[in-house]
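One file, final-v2.cif, is given below (mmCIF, C-alpha atoms and all ligand atoms).
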data_start
#
loop_
_atom_site.group_PDB
_atom_site.id
_atom_site.type_symbol
_atom_site.label_atom_id
_atom_site.label_comp_id
_atom_site.auth_asym_id
_atom_site.auth_seq_id
_atom_site.Cartn_x
_atom_site.Cartn_y
_atom_site.Cartn_z
ATOM 1 C CA MET A 1 0.000 0.000 0.000
ATOM 2 C CA GLY A 2 1.469 3.380 -1.014
ATOM 3 C CA GLN A 3 1.625 6.597 0.976
ATOM 4 C CA VAL A 4 -1.822 7.789 2.138
ATOM 5 C CA ALA A 5 -2.299 11.547 1.987
ATOM 6 C CA LYS A 6 -5.637 12.093 3.627
ATOM 7 C CA ILE A 7 -8.669 10.237 4.954
ATOM 8 C CA VAL A 8 -12.172 11.427 4.019
ATOM 9 C CA LYS A 9 -14.311 8.287 4.275
ATOM 10 C CA VAL A 10 -16.035 7.080 7.411
ATOM 11 C CA VAL A 11 -18.299 4.132 8.137
ATOM 12 C CA VAL A 12 -20.909 4.522 10.890
ATOM 13 C CA PRO A 13 -22.518 1.233 11.926
ATOM 14 C CA VAL A 14 -26.023 1.802 13.302
ATOM 15 C CA ALA A 15 -27.658 -1.542 12.501
ATOM 16 C CA GLY A 16 -27.630 -3.059 16.003
ATOM 17 C CA MET A 17 -30.919 -3.922 17.718
ATOM 18 C CA GLY A 18 -30.294 -1.835 20.834
ATOM 19 C CA THR A 19 -31.915 -4.508 22.986
ATOM 20 C CA ARG A 20 -30.302 -3.200 26.196
ATOM 21 C CA LEU A 21 -32.333 -0.002 25.817
ATOM 22 C CA LEU A 22 -35.750 -1.620 25.434
ATOM 23 C CA PRO A 23 -38.492 -0.453 25.519
ATOM 24 C CA ALA A 24 -37.048 2.936 24.406
ATOM 25 C CA THR A 25 -35.680 1.272 21.256
ATOM 26 C CA LYS A 26 -38.694 -0.879 20.379
ATOM 27 C CA SER A 27 -39.635 1.282 17.388
ATOM 28 C CA GLN A 28 -36.812 3.839 17.102
ATOM 29 C CA PRO A 29 -33.046 3.629 16.702
ATOM 30 C CA LYS A 30 -30.967 4.134 19.858
ATOM 31 C CA GLU A 31 -28.737 6.448 17.804
ATOM 32 C CA MET A 32 -31.713 8.862 17.615
ATOM 33 C CA LEU A 33 -32.218 9.078 21.385
ATOM 34 C CA PRO A 34 -31.626 12.648 22.555
ATOM 35 C CA VAL A 35 -28.636 13.537 24.699
ATOM 36 C CA GLY A 36 -29.486 17.045 25.820
ATOM 37 C CA ARG A 37 -31.013 18.806 22.829
ATOM 38 C CA ARG A 38 -29.661 16.655 19.990
ATOM 39 C CA PRO A 39 -29.882 13.010 18.983
ATOM 40 C CA VAL A 40 -26.711 11.031 19.661
ATOM 41 C CA VAL A 41 -25.897 10.527 15.990
ATOM 42 C CA GLN A 42 -25.863 14.298 15.347
ATOM 43 C CA TYR A 43 -22.956 14.697 17.788
ATOM 44 C CA VAL A 44 -21.211 11.825 16.038
ATOM 45 C CA VAL A 45 -21.579 13.472 12.612
ATOM 46 C CA GLU A 46 -20.380 16.843 13.990
ATOM 47 C CA GLU A 47 -17.294 15.068 15.351
ATOM 48 C CA LEU A 48 -16.665 13.435 11.962
ATOM 49 C CA GLU A 49 -16.985 16.730 10.089
ATOM 50 C CA ALA A 50 -14.599 18.416 12.531
ATOM 51 C CA ALA A 51 -12.032 15.740 11.624
ATOM 52 C CA GLY A 52 -12.369 16.487 7.895
ATOM 53 C CA LEU A 53 -14.415 13.363 7.078
ATOM 54 C CA THR A 54 -16.805 14.269 4.283
ATOM 55 C CA GLN A 55 -18.048 10.930 2.925
ATOM 56 C CA ILE A 56 -20.189 9.244 5.522
ATOM 57 C CA LEU A 57 -21.602 5.735 5.027
ATOM 58 C CA PHE A 58 -24.232 4.572 7.512
ATOM 59 C CA ILE A 59 -24.676 0.821 7.873
ATOM 60 C CA THR A 60 -28.362 0.799 8.705
ATOM 61 C CA GLY A 61 -30.950 -1.856 9.388
ATOM 62 C CA ARG A 62 -34.628 -2.250 10.073
ATOM 63 C CA LYS A 63 -36.350 0.641 11.895
ATOM 64 C CA LYS A 64 -33.433 2.984 11.208
ATOM 65 C CA THR A 65 -34.962 5.291 8.572
ATOM 66 C CA ALA A 66 -35.292 8.089 11.164
ATOM 67 C CA ILE A 67 -31.492 8.522 10.913
ATOM 68 C CA GLU A 68 -31.673 9.094 7.159
ATOM 69 C CA ASP A 69 -34.557 11.549 7.638
ATOM 70 C CA HIS A 70 -32.630 13.450 10.300
ATOM 71 C CA PHE A 71 -29.796 14.388 7.928
ATOM 72 C CA ASP A 72 -32.050 15.076 4.964
ATOM 73 C CA PRO A 73 -32.731 18.807 4.388
ATOM 74 C CA ASP A 74 -36.466 19.521 4.744
ATOM 75 C CA PRO A 75 -37.414 22.534 2.539
ATOM 76 C CA GLU A 76 -41.069 22.283 3.591
ATOM 77 C CA LEU A 77 -40.198 22.689 7.286
ATOM 78 C CA VAL A 78 -37.764 25.514 6.465
ATOM 79 C CA ARG A 79 -40.484 27.343 4.489
ATOM 80 C CA LEU A 80 -42.953 26.918 7.344
ATOM 81 C CA LEU A 81 -40.538 28.265 9.975
ATOM 82 C CA SER A 82 -39.456 31.184 7.748
ATOM 83 C CA ALA A 83 -43.067 32.186 7.098
ATOM 84 C CA GLY A 84 -43.819 32.115 10.821
ATOM 85 C CA GLY A 85 -40.698 34.125 11.726
ATOM 86 C CA GLY A 86 -39.148 31.169 13.594
ATOM 87 C CA TYR A 87 -35.550 32.257 12.920
ATOM 88 C CA ALA A 88 -34.098 30.849 16.131
ATOM 89 C CA LEU A 89 -35.597 27.485 15.248
ATOM 90 C CA LEU A 90 -34.208 27.710 11.717
ATOM 91 C CA GLU A 91 -30.742 27.902 13.296
ATOM 92 C CA GLU A 92 -31.407 24.461 14.766
ATOM 93 C CA LEU A 93 -31.716 23.041 11.249
ATOM 94 C CA LYS A 94 -28.391 24.480 10.035
ATOM 95 C CA TYR A 95 -26.694 21.098 10.577
ATOM 96 C CA THR A 96 -28.448 19.789 7.437
ATOM 97 C CA GLU A 97 -26.589 22.355 5.292
ATOM 98 C CA THR A 98 -23.346 20.440 5.338
ATOM 99 C CA GLU A 99 -20.555 19.780 2.845
ATOM 100 C CA ALA A 100 -20.594 16.142 3.878
ATOM 101 C CA ARG A 101 -22.231 13.529 1.642
ATOM 102 C CA PHE A 102 -24.276 10.764 3.198
ATOM 103 C CA PHE A 103 -24.533 7.199 1.915
ATOM 104 C CA TYR A 104 -26.622 4.352 3.285
ATOM 105 C CA THR A 105 -26.474 0.616 2.983
ATOM 106 C CA ARG A 106 -28.340 -2.051 4.905
ATOM 107 C CA GLN A 107 -27.174 -4.886 7.065
ATOM 108 C CA SER A 108 -30.416 -6.870 6.994
ATOM 109 C CA THR A 109 -29.439 -9.181 9.856
ATOM 110 C CA PRO A 110 -27.241 -7.776 12.638
ATOM 111 C CA LEU A 111 -24.498 -10.420 12.511
ATOM 112 C CA GLY A 112 -21.963 -8.396 14.474
ATOM 113 C CA LEU A 113 -19.855 -5.281 14.119
ATOM 114 C CA ALA A 114 -17.290 -6.892 11.788
ATOM 115 C CA ASP A 115 -20.101 -8.034 9.483
ATOM 116 C CA ALA A 116 -21.503 -4.475 9.520
ATOM 117 C CA VAL A 117 -18.108 -2.988 8.577
ATOM 118 C CA GLY A 118 -17.744 -5.670 5.868
ATOM 119 C CA HIS A 119 -20.725 -4.057 4.089
ATOM 120 C CA ALA A 120 -18.529 -0.998 3.398
ATOM 121 C CA LYS A 121 -16.025 -2.804 1.139
ATOM 122 C CA GLU A 122 -17.172 -1.273 -2.174
ATOM 123 C CA PHE A 123 -17.618 2.198 -0.661
ATOM 124 C CA VAL A 124 -14.089 2.122 0.766
ATOM 125 C CA GLY A 125 -12.260 0.733 -2.296
ATOM 126 C CA ASP A 126 -8.496 1.183 -1.856
ATOM 127 C CA ASP A 127 -8.710 3.991 0.697
ATOM 128 C CA HIS A 128 -7.918 4.077 4.381
ATOM 129 C CA PHE A 129 -11.044 4.931 6.367
ATOM 130 C CA VAL A 130 -12.516 5.577 9.790
ATOM 131 C CA VAL A 131 -15.128 3.529 11.663
ATOM 132 C CA ALA A 132 -17.148 5.486 14.243
ATOM 133 C CA LEU A 133 -19.813 3.706 16.290
ATOM 134 C CA GLY A 134 -23.089 5.578 16.000
ATOM 135 C CA ASP A 135 -24.012 5.023 19.641
ATOM 136 C CA SER A 136 -20.937 6.660 21.204
ATOM 137 C CA ILE A 137 -19.932 10.303 21.547
ATOM 138 C CA ILE A 138 -16.352 11.475 22.126
ATOM 139 C CA LYS A 139 -16.481 14.843 23.856
ATOM 140 C CA SER A 140 -13.488 17.104 24.313
ATOM 141 C CA SER A 141 -13.663 19.795 26.996
ATOM 142 C CA ASP A 142 -11.781 22.292 24.792
ATOM 143 C CA GLY A 143 -13.509 21.346 21.528
ATOM 144 C CA SER A 144 -10.344 19.891 19.945
ATOM 145 C CA SER A 145 -10.647 16.817 17.735
ATOM 146 C CA PHE A 146 -9.429 13.498 19.109
ATOM 147 C CA LEU A 147 -10.290 11.832 15.813
ATOM 148 C CA ARG A 148 -7.977 14.182 13.928
ATOM 149 C CA ALA A 149 -5.125 13.158 16.252
ATOM 150 C CA LEU A 150 -6.015 9.466 15.809
ATOM 151 C CA ILE A 151 -5.957 9.790 12.006
ATOM 152 C CA ALA A 152 -2.635 11.672 12.109
ATOM 153 C CA ASP A 153 -1.058 8.909 14.241
ATOM 154 C CA HIS A 154 -2.410 6.278 11.849
ATOM 155 C CA LEU A 155 -0.963 7.991 8.788
ATOM 156 C CA ARG A 156 2.388 8.632 10.501
ATOM 157 C CA SER A 157 2.893 5.066 11.732
ATOM 158 C CA GLY A 158 1.839 3.179 8.597
ATOM 159 C CA ALA A 159 -0.414 0.911 10.683
ATOM 160 C CA ALA A 160 -3.245 -1.153 9.170
ATOM 161 C CA CYS A 161 -5.419 -0.294 12.150
ATOM 162 C CA THR A 162 -5.335 2.404 14.821
ATOM 163 C CA LEU A 163 -7.767 2.202 17.721
ATOM 164 C CA ALA A 164 -9.033 4.711 20.244
ATOM 165 C CA VAL A 165 -8.703 3.325 23.781
ATOM 166 C CA GLU A 166 -9.714 4.579 27.204
ATOM 167 C CA GLU A 167 -8.851 3.481 30.720
ATOM 168 C CA VAL A 168 -11.767 1.779 32.470
ATOM 169 C CA ASN A 169 -12.141 0.200 35.898
ATOM 170 C CA ARG A 170 -10.737 -3.334 36.041
ATOM 171 C CA ASP A 171 -14.108 -4.763 37.032
ATOM 172 C CA GLU A 172 -15.717 -3.316 33.879
ATOM 173 C CA VAL A 173 -13.350 -4.755 31.260
ATOM 174 C CA TYR A 174 -15.734 -7.654 30.575
ATOM 175 C CA ARG A 175 -17.950 -5.186 28.652
ATOM 176 C CA TYR A 176 -15.283 -4.168 26.111
ATOM 177 C CA GLY A 177 -12.587 -5.177 23.670
ATOM 178 C CA VAL A 178 -9.322 -4.791 25.614
ATOM 179 C CA VAL A 179 -5.811 -4.237 24.192
ATOM 180 C CA LYS A 180 -2.386 -5.412 25.314
ATOM 181 C CA PRO A 181 0.298 -2.774 24.639
ATOM 182 C CA LYS A 182 3.744 -3.908 23.410
ATOM 183 C CA GLU A 183 6.215 -4.299 26.258
ATOM 184 C CA GLY A 184 7.820 -1.024 27.266
ATOM 185 C CA GLN A 185 5.021 1.091 25.715
ATOM 186 C CA GLU A 186 2.392 0.585 28.432
ATOM 187 C CA THR A 187 2.336 4.202 29.569
ATOM 188 C CA ALA A 188 2.698 5.889 26.157
ATOM 189 C CA GLN A 189 -0.079 8.087 24.746
ATOM 190 C CA SER A 190 -0.073 6.037 21.557
ATOM 191 C CA PHE A 191 1.540 2.627 21.260
ATOM 192 C CA ASP A 192 1.847 -0.589 19.262
ATOM 193 C CA VAL A 193 -0.712 -3.245 20.153
ATOM 194 C CA GLU A 194 0.611 -6.743 20.825
ATOM 195 C CA ASP A 195 -2.749 -8.455 21.271
ATOM 196 C CA LEU A 196 -6.412 -7.765 21.956
ATOM 197 C CA VAL A 197 -9.332 -9.701 23.369
ATOM 198 C CA GLU A 198 -13.108 -9.204 23.324
ATOM 199 C CA LYS A 199 -14.908 -8.977 26.695
ATOM 200 C CA PRO A 200 -12.233 -10.636 28.903
ATOM 201 C CA ARG A 201 -12.817 -11.630 32.521
ATOM 202 C CA PRO A 202 -11.093 -9.057 34.771
ATOM 203 C CA GLU A 203 -8.611 -11.607 36.145
ATOM 204 C CA VAL A 204 -7.306 -12.504 32.666
ATOM 205 C CA ALA A 205 -7.623 -9.082 30.980
ATOM 206 C CA PRO A 206 -4.300 -7.960 29.461
ATOM 207 C CA SER A 207 -4.854 -4.342 30.645
ATOM 208 C CA ASN A 208 -7.652 -1.940 31.555
ATOM 209 C CA LEU A 209 -7.461 -0.170 28.178
ATOM 210 C CA ALA A 210 -10.805 -0.606 26.424
ATOM 211 C CA ILE A 211 -11.443 0.038 22.726
ATOM 212 C CA ALA A 212 -13.397 3.290 22.566
ATOM 213 C CA ALA A 213 -15.720 3.317 19.545
ATOM 214 C CA ARG A 214 -13.337 4.903 17.007
ATOM 215 C CA TYR A 215 -11.031 3.077 14.584
ATOM 216 C CA VAL A 216 -8.903 3.882 11.534
ATOM 217 C CA PHE A 217 -8.316 1.055 9.059
ATOM 218 C CA SER A 218 -6.534 0.215 5.848
ATOM 219 C CA PRO A 219 -8.607 -1.878 3.393
ATOM 220 C CA ALA A 220 -6.647 -4.926 4.674
ATOM 221 C CA ILE A 221 -9.379 -5.211 7.324
ATOM 222 C CA PHE A 222 -11.827 -6.594 4.723
ATOM 223 C CA ASP A 223 -9.669 -9.646 4.086
ATOM 224 C CA ALA A 224 -9.405 -10.161 7.865
ATOM 225 C CA ILE A 225 -13.199 -9.823 8.260
ATOM 226 C CA GLN A 226 -13.717 -12.451 5.578
ATOM 227 C CA ARG A 227 -11.467 -14.863 7.483
ATOM 228 C CA THR A 228 -13.054 -14.146 10.886
ATOM 229 C CA ALA A 229 -14.913 -17.029 12.521
ATOM 230 C CA PRO A 230 -18.284 -16.297 14.166
ATOM 231 C CA ASP A 231 -18.360 -16.208 17.979
ATOM 232 C CA ARG A 232 -20.633 -18.500 19.991
ATOM 233 C CA ASN A 233 -23.601 -16.190 19.285
ATOM 234 C CA GLY A 234 -22.992 -16.459 15.556
ATOM 235 C CA GLU A 235 -21.699 -12.843 15.346
ATOM 236 C CA LEU A 236 -18.501 -11.587 13.726
ATOM 237 C CA GLN A 237 -16.582 -9.507 16.258
ATOM 238 C CA LEU A 238 -14.426 -6.661 14.943
ATOM 239 C CA THR A 239 -11.931 -7.300 17.755
ATOM 240 C CA ASP A 240 -11.377 -10.806 16.329
ATOM 241 C CA SER A 241 -10.807 -9.359 12.833
ATOM 242 C CA ILE A 242 -8.220 -6.920 14.213
ATOM 243 C CA ARG A 243 -6.543 -9.808 16.011
ATOM 244 C CA LEU A 244 -6.300 -11.563 12.647
ATOM 245 C CA LEU A 245 -4.618 -8.456 11.198
ATOM 246 C CA LEU A 246 -1.934 -8.854 13.870
ATOM 247 C CA GLN A 247 -1.554 -12.554 13.072
ATOM 248 C CA LEU A 248 -1.200 -11.713 9.372
ATOM 249 C CA GLY A 249 1.755 -9.503 10.301
ATOM 250 C CA TYR A 250 0.134 -6.058 10.060
ATOM 251 C CA LYS A 251 0.873 -3.276 12.532
ATOM 252 C CA VAL A 252 -1.946 -2.325 14.907
ATOM 253 C CA ARG A 253 -1.711 0.839 17.006
ATOM 254 C CA ALA A 254 -3.783 2.384 19.768
ATOM 255 C CA MET A 255 -4.117 5.913 21.095
ATOM 256 C CA ARG A 256 -5.472 6.804 24.522
ATOM 257 C CA LEU A 257 -8.156 9.400 24.975
ATOM 258 C CA ARG A 258 -6.498 12.425 26.561
ATOM 259 C CA PRO A 259 -7.552 13.657 30.036
ATOM 260 C CA LYS A 260 -9.702 16.374 28.432
ATOM 261 C CA GLU A 261 -11.606 13.764 26.383
ATOM 262 C CA ARG A 262 -14.405 11.493 27.444
ATOM 263 C CA ARG A 263 -16.308 8.752 25.703
ATOM 264 C CA TYR A 264 -20.065 8.482 26.217
ATOM 265 C CA ASP A 265 -21.474 5.107 25.224
ATOM 266 C CA ILE A 266 -25.246 5.347 25.230
ATOM 267 C CA GLY A 267 -25.815 1.620 24.628
ATOM 268 C CA ASN A 268 -27.049 0.945 28.171
ATOM 269 C CA PHE A 269 -29.271 2.957 30.497
ATOM 270 C CA GLU A 270 -26.611 3.661 33.117
ATOM 271 C CA SER A 271 -24.251 5.393 30.706
ATOM 272 C CA TYR A 272 -27.131 6.912 28.717
ATOM 273 C CA PHE A 273 -28.456 8.648 31.857
ATOM 274 C CA LYS A 274 -24.949 9.867 32.758
ATOM 275 C CA ALA A 275 -24.478 11.226 29.238
ATOM 276 C CA PHE A 276 -27.811 13.033 29.300
ATOM 277 C CA ILE A 277 -27.070 14.653 32.667
ATOM 278 C CA ASP A 278 -23.563 15.770 31.628
ATOM 279 C CA PHE A 279 -24.809 17.324 28.380
ATOM 280 C CA ALA A 280 -27.852 18.908 30.033
ATOM 281 C CA ILE A 281 -25.804 20.631 32.749
ATOM 282 C CA ALA A 282 -23.314 21.870 30.141
ATOM 283 C CA ASP A 283 -26.043 23.195 27.823
ATOM 284 C CA GLU A 284 -25.476 26.831 26.819
ATOM 285 C CA LYS A 285 -29.108 27.760 27.103
ATOM 286 C CA TYR A 286 -30.598 25.460 29.750
ATOM 287 C CA GLY A 287 -27.493 24.363 31.707
ATOM 288 C CA TYR A 288 -27.804 26.951 34.488
ATOM 289 C CA MET A 289 -31.433 26.034 35.139
ATOM 290 C CA VAL A 290 -30.632 22.291 35.162
ATOM 291 C CA ARG A 291 -27.722 22.808 37.591
ATOM 292 C CA GLN A 292 -29.924 24.793 39.959
ATOM 293 C CA TYR A 293 -32.601 22.131 39.762
ATOM 294 C CA LEU A 294 -30.134 19.306 40.461
ATOM 295 C CA LYS A 295 -28.648 21.159 43.459
ATOM 296 C CA ARG A 296 -32.130 21.427 44.913
ATOM 297 C CA LYS A 297 -32.864 17.756 44.229
ATOM 298 C CA VAL A 298 -29.595 16.577 45.753
ATOM 299 C CA ARG A 299 -30.528 18.258 49.045
ATOM 300 C CA GLU A 300 -33.717 16.159 49.068
ATOM 301 C CA PHE A 301 -31.873 12.785 48.706
HETATM 302 P P1 LIG B 1 -23.612 -2.887 20.194
HETATM 303 O O1 LIG B 1 -23.358 -4.343 20.331
HETATM 304 O O2 LIG B 1 -23.310 -2.011 21.350
HETATM 305 O O3 LIG B 1 -25.105 -2.568 19.736
HETATM 306 O O4 LIG B 1 -22.839 -2.382 18.908
HETATM 307 P P2 LIG B 1 -26.416 -3.448 19.750
HETATM 308 O O5 LIG B 1 -26.187 -4.777 19.139
HETATM 309 O O6 LIG B 1 -27.430 -2.565 19.131
HETATM 310 O O7 LIG B 1 -26.670 -3.563 21.331
HETATM 311 P P3 LIG B 1 -27.625 -4.500 22.199
HETATM 312 O O8 LIG B 1 -26.679 -5.484 22.838
HETATM 313 O O9 LIG B 1 -28.680 -5.143 21.329
HETATM 314 O O10 LIG B 1 -28.223 -3.560 23.212
HETATM 315 C C1 LIG B 1 -22.149 -1.150 18.788
HETATM 316 C C2 LIG B 1 -22.507 -0.429 17.491
HETATM 317 O O11 LIG B 1 -22.414 -1.296 16.379
HETATM 318 C C3 LIG B 1 -23.636 -1.342 15.662
HETATM 319 C C4 LIG B 1 -24.703 -0.846 16.640
HETATM 320 O O12 LIG B 1 -25.770 -0.212 15.950
HETATM 321 C C5 LIG B 1 -23.928 0.118 17.514
HETATM 322 O O13 LIG B 1 -23.920 1.437 16.975
HETATM 323 N N1 LIG B 1 -23.871 -2.737 15.188
HETATM 324 C C6 LIG B 1 -23.772 -3.786 16.044
HETATM 325 C C7 LIG B 1 -24.203 -2.955 13.869
HETATM 326 O O14 LIG B 1 -24.303 -2.001 13.046
HETATM 327 N N2 LIG B 1 -24.433 -4.232 13.443
HETATM 328 C C8 LIG B 1 -24.344 -5.305 14.275
HETATM 329 O O15 LIG B 1 -24.557 -6.449 13.818
HETATM 330 C C9 LIG B 1 -24.006 -5.061 15.618
#
Could you quickly redo this structure as structure tokens?
Amino acid sequence: MGQVAKIVKVVVPVAGMGTRLLPATKSQPKEMLPVGRRPVVQYVVEELEAAGLTQILFITGRKKTAIEDHFDPDPELVRLLSAGGGYALLEELKYTETEARFFYTRQSTPLGLADAVGHAKEFVGDDHFVVALGDSIIKSSDGSSFLRALIADHLRSGAACTLAVEEVNRDEVYRYGVVKPKEGQETAQSFDVEDLVEKPRPEVAPSNLAIAARYVFSPAIFDAIQRTAPDRNGELQLTDSIRLLLQLGYKVRAMRLRPKERRYDIGNFESYFKAFIDFAIADEKYGYMVRQYLKRKVREF
């Protein structure tokens, strides 16, 4: 593979069933649940645009058309708001006037994250690309782009895969893919990955560094996905495909989220509630009111 100048393509898998969020996700995608004033997937797309990613492929599934509708400009609604003088509300629709181009393809049966990414093969072609999970937000306290830094590290190192990772509590590693840094690089900000394992038991986990919903890949990942064996639930795990990349001799890197960055995974109610509270108290318009309200409530506990 020759020198890669720039990455503009991103794959956003949103085809999962969201069963852990039932009944909220019975008839709507979890990626459309609001966190503060916006649906989760709108934050994800803003993050992608800030990192210079302009070709966005959603891997969708059943009951996910609301995502497509959300990013589709709606001239009728704009006309209605303009006629009624609703200029402040028009501002809220500005996100649809983007340079980015959206593409959609369907994963009819959710057979795992690696299977979802495999659907992007033709879209990706010979280019390096990003994968961003549609149910996770990466928030930076100073507005800087973690993804931009991740892409830069990927291009600099010549890796076939570069992962975002975050430190989690030891007793929570069983929820995540966990990486093992190469010896001597354990404390580095970004490092070579020696091995990785999906949902390990805490006592056998190789570290407490969990894969954090953002990846950069070379097209070599598609060959690895094709060779990946299904897990005991019949799903293809992306962590297993990345492990195969290592076994095939490719370089895999990881970069830690920096102290100013935080990952919000809204795939379960506990972290969804935390995300909503954090975004609500930081809201420009309503944050002060929410903080006052919470202070009052806390005194009642
Ligand atoms: P999750 O495993 O967290 O999502 O996948 P899920 O399957 O929807 O969750 P539960 O267990 O049923 O509650 C992380 C991301 O990968 C996508 C999901 O939509 C989510 O954004 N995904 C997962 C797919 O696109 N296809 C799949 O087959 C699995």
Check: How far is it from atom CA of Asp283 of chain A to atom O2 of ligand LIG 1 (chain B), in Å with one decimal?
Finding: 26.2 Å
Note to self: Can you spell out as a VMD selection string the set of residues that the PyMOL selection byres (((not hetatm)) within 10 of (chain B and resi 1)) selects in the structure I just provided?
What the structure shows: chain A and resid 11 to 22 25 29 to 31 41 58 to 61 64 106 to 117 119 131 to 136 175 to 176 213 235 to 238 265 to 269
Only C-alpha atoms, please: the residues just picked out, written as a PDB file, keeping the file's coordinate frame.
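selection06.pdb written:
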ATOM      1  CA  VAL A  11     -18.299   4.132   8.137  1.00  0.00           C
ATOM      2  CA  VAL A  12     -20.909   4.522  10.890  1.00  0.00           C
ATOM      3  CA  PRO A  13     -22.518   1.233  11.926  1.00  0.00           C
ATOM      4  CA  VAL A  14     -26.023   1.802  13.302  1.00  0.00           C
ATOM      5  CA  ALA A  15     -27.658  -1.542  12.501  1.00  0.00           C
ATOM      6  CA  GLY A  16     -27.630  -3.059  16.003  1.00  0.00           C
ATOM      7  CA  MET A  17     -30.919  -3.922  17.718  1.00  0.00           C
ATOM      8  CA  GLY A  18     -30.294  -1.835  20.834  1.00  0.00           C
ATOM      9  CA  THR A  19     -31.915  -4.508  22.986  1.00  0.00           C
ATOM     10  CA  ARG A  20     -30.302  -3.200  26.196  1.00  0.00           C
ATOM     11  CA  LEU A  21     -32.333  -0.002  25.817  1.00  0.00           C
ATOM     12  CA  LEU A  22     -35.750  -1.620  25.434  1.00  0.00           C
ATOM     13  CA  THR A  25     -35.680   1.272  21.256  1.00  0.00           C
ATOM     14  CA  PRO A  29     -33.046   3.629  16.702  1.00  0.00           C
ATOM     15  CA  LYS A  30     -30.967   4.134  19.858  1.00  0.00           C
ATOM     16  CA  GLU A  31     -28.737   6.448  17.804  1.00  0.00           C
ATOM     17  CA  VAL A  41     -25.897  10.527  15.990  1.00  0.00           C
ATOM     18  CA  PHE A  58     -24.232   4.572   7.512  1.00  0.00           C
ATOM     19  CA  ILE A  59     -24.676   0.821   7.873  1.00  0.00           C
ATOM     20  CA  THR A  60     -28.362   0.799   8.705  1.00  0.00           C
ATOM     21  CA  GLY A  61     -30.950  -1.856   9.388  1.00  0.00           C
ATOM     22  CA  LYS A  64     -33.433   2.984  11.208  1.00  0.00           C
ATOM     23  CA  ARG A 106     -28.340  -2.051   4.905  1.00  0.00           C
ATOM     24  CA  GLN A 107     -27.174  -4.886   7.065  1.00  0.00           C
ATOM     25  CA  SER A 108     -30.416  -6.870   6.994  1.00  0.00           C
ATOM     26  CA  THR A 109     -29.439  -9.181   9.856  1.00  0.00           C
ATOM     27  CA  PRO A 110     -27.241  -7.776  12.638  1.00  0.00           C
ATOM     28  CA  LEU A 111     -24.498 -10.420  12.511  1.00  0.00           C
ATOM     29  CA  GLY A 112     -21.963  -8.396  14.474  1.00  0.00           C
ATOM     30  CA  LEU A 113     -19.855  -5.281  14.119  1.00  0.00           C
ATOM     31  CA  ALA A 114     -17.290  -6.892  11.788  1.00  0.00           C
ATOM     32  CA  ASP A 115     -20.101  -8.034   9.483  1.00  0.00           C
ATOM     33  CA  ALA A 116     -21.503  -4.475   9.520  1.00  0.00           C
ATOM     34  CA  VAL A 117     -18.108  -2.988   8.577  1.00  0.00           C
ATOM     35  CA  HIS A 119     -20.725  -4.057   4.089  1.00  0.00           C
ATOM     36  CA  VAL A 131     -15.128   3.529  11.663  1.00  0.00           C
ATOM     37  CA  ALA A 132     -17.148   5.486  14.243  1.00  0.00           C
ATOM     38  CA  LEU A 133     -19.813   3.706  16.290  1.00  0.00           C
ATOM     39  CA  GLY A 134     -23.089   5.578  16.000  1.00  0.00           C
ATOM     40  CA  ASP A 135     -24.012   5.023  19.641  1.00  0.00           C
ATOM     41  CA  SER A 136     -20.937   6.660  21.204  1.00  0.00           C
ATOM     42  CA  ARG A 175     -17.950  -5.186  28.652  1.00  0.00           C
ATOM     43  CA  TYR A 176     -15.283  -4.168  26.111  1.00  0.00           C
ATOM     44  CA  ALA A 213     -15.720   3.317  19.545  1.00  0.00           C
ATOM     45  CA  GLU A 235     -21.699 -12.843  15.346  1.00  0.00           C
ATOM     46  CA  LEU A 236     -18.501 -11.587  13.726  1.00  0.00           C
ATOM     47  CA  GLN A 237     -16.582  -9.507  16.258  1.00  0.00           C
ATOM     48  CA  LEU A 238     -14.426  -6.661  14.943  1.00  0.00           C
ATOM     49  CA  ASP A 265     -21.474   5.107  25.224  1.00  0.00           C
ATOM     50  CA  ILE A 266     -25.246   5.347  25.230  1.00  0.00           C
ATOM     51  CA  GLY A 267     -25.815   1.620  24.628  1.00  0.00           C
ATOM     52  CA  ASN A 268     -27.049   0.945  28.171  1.00  0.00           C
ATOM     53  CA  PHE A 269     -29.271   2.957  30.497  1.00  0.00           C
TER      54      PHE A 269
END
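Pairwise distance (atom CA of Ala280 of chain A, atom CA of Ser141 of chain A) equals 14.5 Å.
Straight-line separation from atom CA of Leu90 of chain A to atom CA of Gly143 of chain A: 23.8 Å.
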Note to self: (-3.0, 7.7, 13.5) in this file's frame - what residues fall within 9 Å of it? Use all atoms listed in the file and give the answer as a PyMOL selection string.
What the structure shows: chain A and resi 147-159+161-163+190+216+253-255
Note to self: When you look at Thr187 of chain A with a cut-off of 12 Å (counting all atoms listed in the file), what residues show up, excluding the ones that are within fewer than 3 positions of it in the same chain? I need them as a ChimeraX atom specification.
What the structure shows: /A:167,180-184,190-192,207-209,254-256
Margin query: I need the residue nearest Asp74 of chain A from this list: A:Leu244, A:Leu57, A:Leu93, A:Val35. Use all atoms listed in the file for the distance.
Written below: A:Leu93
Checklist line | Which residue of A:Ile137, A:Arg258, A:Val179, A:Val290 approaches Val40 of chain A most closely, using only C-alpha atoms | finding: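 Nearest to Val40 of chain A: A:Ile137.
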Notebook entry, point to check: Closest to Arg227 of chain A among A:Gln189, A:Phe301, A:Gln28, A:Gly118, using all atoms listed in the file?
Noted result: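 The closest residue to Arg227 of chain A is A:Gly118.
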Next item on the list: Would you please work out which residue, of A:Asp126, A:Asp142, A:Asp171, A:Glu97, is nearest to Ala220 of chain A when using all atoms listed in the file?
Entry: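 Among A:Asp126, A:Asp142, A:Asp171, A:Glu97, it is A:Asp126 that comes nearest to Ala220 of chain A.
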